[in-house]
Amino acid sequence: MFERYLEENIFRLRDDLVSDRYRHGPYQRFRIRDPKPRTIHKAAVRDRLVHQAVVRVLAPALERSYILDSASCQRGKGPHAAVRRLEAFRRRVSRNGTCPCWALKFDIAKFFDSVDHRILLGLLAARIPCPKTFRLVAEIVGSYSVARALGGGVASQESERPRGLPLGSVTSQLFANTYLDAFDHYSKECLRLRCYLRYTDDIVVLDRDPAVLLALLPLLTQWLWEHRRLTVHPRKIVLRKLSQGIDFLGYVVLPRHTVLRTRTKRRMFRRFNAQNVTSYLGLLRHCAGWRLRTRLAAASRHRLE
């Protein structure tokens with residue numbers, strides 16, 4: 001529908017942006033399983049165009065301060081790059097498998113739903129010198145809150161500070177990385193964690209001494225609550241030897257190689273078809289998956305026959 005009158009809609013959107021009349025529309029809500037259930041809030045086409053334009057302009061400026069080991073949703077990075085970086089940490093800490101190596105892995109409880117708008121806008125205001133651009137960003141941030149998404153009224157919204165970023169929006173990924181940027185620098189520069197890696201809200205730290213990692217956890221937890229009002233998920237704190245495998249982003253990193261996570265493997269064989277088999281074969285190229293690739297290719301030929 002937007003494309004039917006594309007030129008007219010684009011120019012109207014441009015005029016609204018130039019004149020500060022632009023107001024973000026509502027989100028469409030739906031649920032997916034990927035593999036666990038997630039609630040996605042999709043903006044209208046008009047608003048998604050604005051999101052893309054904002055990210056295209058702001059990302060280079062905001063990402064300038066990000067650490068190397070913040071790996072999510074940035075050009076030249078991604079889940080496979082994050083796993084390769086974890087493999088490099090594994091080799092460094094274990095001295096190519098000759099020393100003990102432990103991993104502390106945790107994530108943040110309801111991360112996107114817990115992002116405090118006031119804190120986020122304060123961070124963005126310090127990095128966006130143009131008042132007009134900041135007003136646009138504030139409009140996007142304020143277009144969604146958990147209280148509103150759950151059907152809360154005005155009273156419920158006023159009784160607590162607005163929180164939340166919508167899953168499914170490109171701006172949410174950029175804002176989330178900015179929200180945790182100072183945490184990355186605290187971990188790397190103040191705590192001197194050389195082998196620290198973050199992908200969105202999944203965090204891994206490697207060390208030869210498990211006692212060191214256990215001592216770090218209260219410091220990291222305290223910083224997240226005091227500075228960002230975030231809590232670590234209590235049931236997703238894992239401390240284990242490298243020999244047991246580090247489960248990270250669909251793969252399991254072991255002392256000598258990396259394999260596909262068992263749940264991911266089962267889901268792959270259950271769901272593959274003629275349209276997605278090439279993607280799954282590509283997924284297996286990032287790990288020790290030669291046998292799985294052979295099985296998948298054979299199963300694909302059999303199913304097609």
# chains A, B, ... in the order shown; residues from 1 in each chain; ligands from 1
>>> residues_around(residues="Pro234 of chain A", least_positions_apart="4", cutoff="12 Å", atoms="only C-alpha atoms", output="PyMOL selection string")
chain A and resi 105-110+217+221+238
>>> select_by_dssp(residues="segment 34-261 of chain A", states="helix (DSSP H, G or I)", output="MDAnalysis selection string")
chainID A and resid 45:65 79:94 111:114 117:127 131:142 146:149 154:159 170:179 181:190 210:228 234:236 242:244
>>> select_by_dssp(residues="segment 15-171 of chain A", states="strand (DSSP E or B)", output="list in words")
Tyr27, Gln28, Arg29, Phe30, Arg31, Ile32, Arg33, Pro37, Arg38, Thr39, Ile40, His41, Lys42, Ala43, Ser70, Trp102, Ala103, Leu104, Lys105, Phe106, Asp107, Ile108, Asp116 and Arg163 of chain A
>>> write_last_selection(atoms="N, CA and C atoms", output="PDB file, in the first residue's frame")
ATOM      1  N   TYR A  27       2.780   0.073  16.737  1.00  0.00           N
ATOM      2  CA  TYR A  27       3.473  -1.156  16.339  1.00  0.00           C
ATOM      3  C   TYR A  27       2.468  -2.293  16.183  1.00  0.00           C
ATOM      4  N   GLN A  28       2.789  -3.195  15.274  1.00  0.00           N
ATOM      5  CA  GLN A  28       2.011  -4.422  15.132  1.00  0.00           C
ATOM      6  C   GLN A  28       2.680  -5.509  15.962  1.00  0.00           C
ATOM      7  N   ARG A  29       1.917  -6.159  16.814  1.00  0.00           N
ATOM      8  CA  ARG A  29       2.474  -7.149  17.738  1.00  0.00           C
ATOM      9  C   ARG A  29       2.173  -8.564  17.255  1.00  0.00           C
ATOM     10  N   PHE A  30       3.192  -9.441  17.277  1.00  0.00           N
ATOM     11  CA  PHE A  30       2.973 -10.852  16.977  1.00  0.00           C
ATOM     12  C   PHE A  30       4.068 -11.665  17.653  1.00  0.00           C
ATOM     13  N   ARG A  31       3.878 -12.979  17.749  1.00  0.00           N
ATOM     14  CA  ARG A  31       4.819 -13.866  18.442  1.00  0.00           C
ATOM     15  C   ARG A  31       5.443 -14.851  17.475  1.00  0.00           C
ATOM     16  N   ILE A  32       6.723 -15.173  17.728  1.00  0.00           N
ATOM     17  CA  ILE A  32       7.427 -16.159  16.937  1.00  0.00           C
ATOM     18  C   ILE A  32       8.129 -17.126  17.890  1.00  0.00           C
ATOM     19  N   ARG A  33       8.589 -18.256  17.345  1.00  0.00           N
ATOM     20  CA  ARG A  33       9.433 -19.189  18.089  1.00  0.00           C
ATOM     21  C   ARG A  33      10.768 -19.294  17.354  1.00  0.00           C
ATOM     22  N   PRO A  37       9.876 -18.748  22.436  1.00  0.00           N
ATOM     23  CA  PRO A  37       8.870 -17.741  22.073  1.00  0.00           C
ATOM     24  C   PRO A  37       9.384 -16.321  22.309  1.00  0.00           C
ATOM     25  N   ARG A  38       9.134 -15.459  21.338  1.00  0.00           N
ATOM     26  CA  ARG A  38       9.492 -14.044  21.448  1.00  0.00           C
ATOM     27  C   ARG A  38       8.331 -13.205  20.929  1.00  0.00           C
ATOM     28  N   THR A  39       8.140 -12.056  21.564  1.00  0.00           N
ATOM     29  CA  THR A  39       7.119 -11.122  21.112  1.00  0.00           C
ATOM     30  C   THR A  39       7.801 -10.032  20.287  1.00  0.00           C
ATOM     31  N   ILE A  40       7.404  -9.924  19.019  1.00  0.00           N
ATOM     32  CA  ILE A  40       7.979  -8.946  18.097  1.00  0.00           C
ATOM     33  C   ILE A  40       6.997  -7.789  17.935  1.00  0.00           C
ATOM     34  N   HIS A  41       7.523  -6.574  17.917  1.00  0.00           N
ATOM     35  CA  HIS A  41       6.709  -5.388  17.652  1.00  0.00           C
ATOM     36  C   HIS A  41       7.236  -4.740  16.373  1.00  0.00           C
ATOM     37  N   LYS A  42       6.438  -4.838  15.324  1.00  0.00           N
ATOM     38  CA  LYS A  42       6.855  -4.354  14.004  1.00  0.00           C
ATOM     39  C   LYS A  42       6.237  -2.992  13.719  1.00  0.00           C
ATOM     40  N   ALA A  43       7.087  -2.057  13.342  1.00  0.00           N
ATOM     41  CA  ALA A  43       6.610  -0.716  12.984  1.00  0.00           C
ATOM     42  C   ALA A  43       6.062  -0.714  11.561  1.00  0.00           C
ATOM     43  N   SER A  70      32.611  -6.040  21.351  1.00  0.00           N
ATOM     44  CA  SER A  70      31.153  -5.919  21.275  1.00  0.00           C
ATOM     45  C   SER A  70      30.774  -6.318  19.856  1.00  0.00           C
ATOM     46  N   TRP A 102      38.663 -21.647  32.139  1.00  0.00           N
ATOM     47  CA  TRP A 102      37.287 -21.604  32.643  1.00  0.00           C
ATOM     48  C   TRP A 102      36.551 -20.453  31.973  1.00  0.00           C
ATOM     49  N   ALA A 103      35.257 -20.615  31.859  1.00  0.00           N
ATOM     50  CA  ALA A 103      34.412 -19.585  31.250  1.00  0.00           C
ATOM     51  C   ALA A 103      33.267 -19.220  32.189  1.00  0.00           C
ATOM     52  N   LEU A 104      33.067 -17.925  32.377  1.00  0.00           N
ATOM     53  CA  LEU A 104      31.883 -17.405  33.061  1.00  0.00           C
ATOM     54  C   LEU A 104      30.963 -16.837  32.000  1.00  0.00           C
ATOM     55  N   LYS A 105      29.751 -17.366  31.932  1.00  0.00           N
ATOM     56  CA  LYS A 105      28.787 -16.918  30.927  1.00  0.00           C
ATOM     57  C   LYS A 105      27.493 -16.533  31.633  1.00  0.00           C
ATOM     58  N   PHE A 106      26.940 -15.372  31.256  1.00  0.00           N
ATOM     59  CA  PHE A 106      25.663 -14.938  31.836  1.00  0.00           C
ATOM     60  C   PHE A 106      24.972 -14.008  30.856  1.00  0.00           C
ATOM     61  N   ASP A 107      23.697 -13.787  31.089  1.00  0.00           N
ATOM     62  CA  ASP A 107      22.999 -12.778  30.295  1.00  0.00           C
ATOM     63  C   ASP A 107      22.070 -11.965  31.193  1.00  0.00           C
ATOM     64  N   ILE A 108      21.502 -10.933  30.619  1.00  0.00           N
ATOM     65  CA  ILE A 108      20.702  -9.967  31.374  1.00  0.00           C
ATOM     66  C   ILE A 108      19.232 -10.332  31.263  1.00  0.00           C
ATOM     67  N   ASP A 116      16.009   1.548  30.330  1.00  0.00           N
ATOM     68  CA  ASP A 116      15.392   2.748  30.906  1.00  0.00           C
ATOM     69  C   ASP A 116      15.507   3.897  29.903  1.00  0.00           C
ATOM     70  N   ARG A 163      10.189   2.270  30.041  1.00  0.00           N
ATOM     71  CA  ARG A 163      11.241   1.308  29.767  1.00  0.00           C
ATOM     72  C   ARG A 163      10.910   0.525  28.505  1.00  0.00           C
TER      73      ARG A 163
END
>>> closest_residue(among="A:Val93, A:Ala61, A:Ala299, A:Leu224", to="Ile128 of chain A", atoms="only C-alpha atoms")
A:Ala61
>>> residues_around(residues="His51 of chain A", least_positions_apart="6", cutoff="12 Å", atoms="only C-alpha atoms", output="ChimeraX atom specification")
/A:24,42-45,57-59,136-137,139-141,143,168-175
>>> residues_around(residues="Asp113 of chain A", least_positions_apart="4", cutoff="10 Å", atoms="only C-alpha atoms", output="list in words")
Ala109, Ser145, Val146, Ala147, Pro162, Arg163, Gly164, Leu165, Pro166, Leu167 and Leu230 of chain A
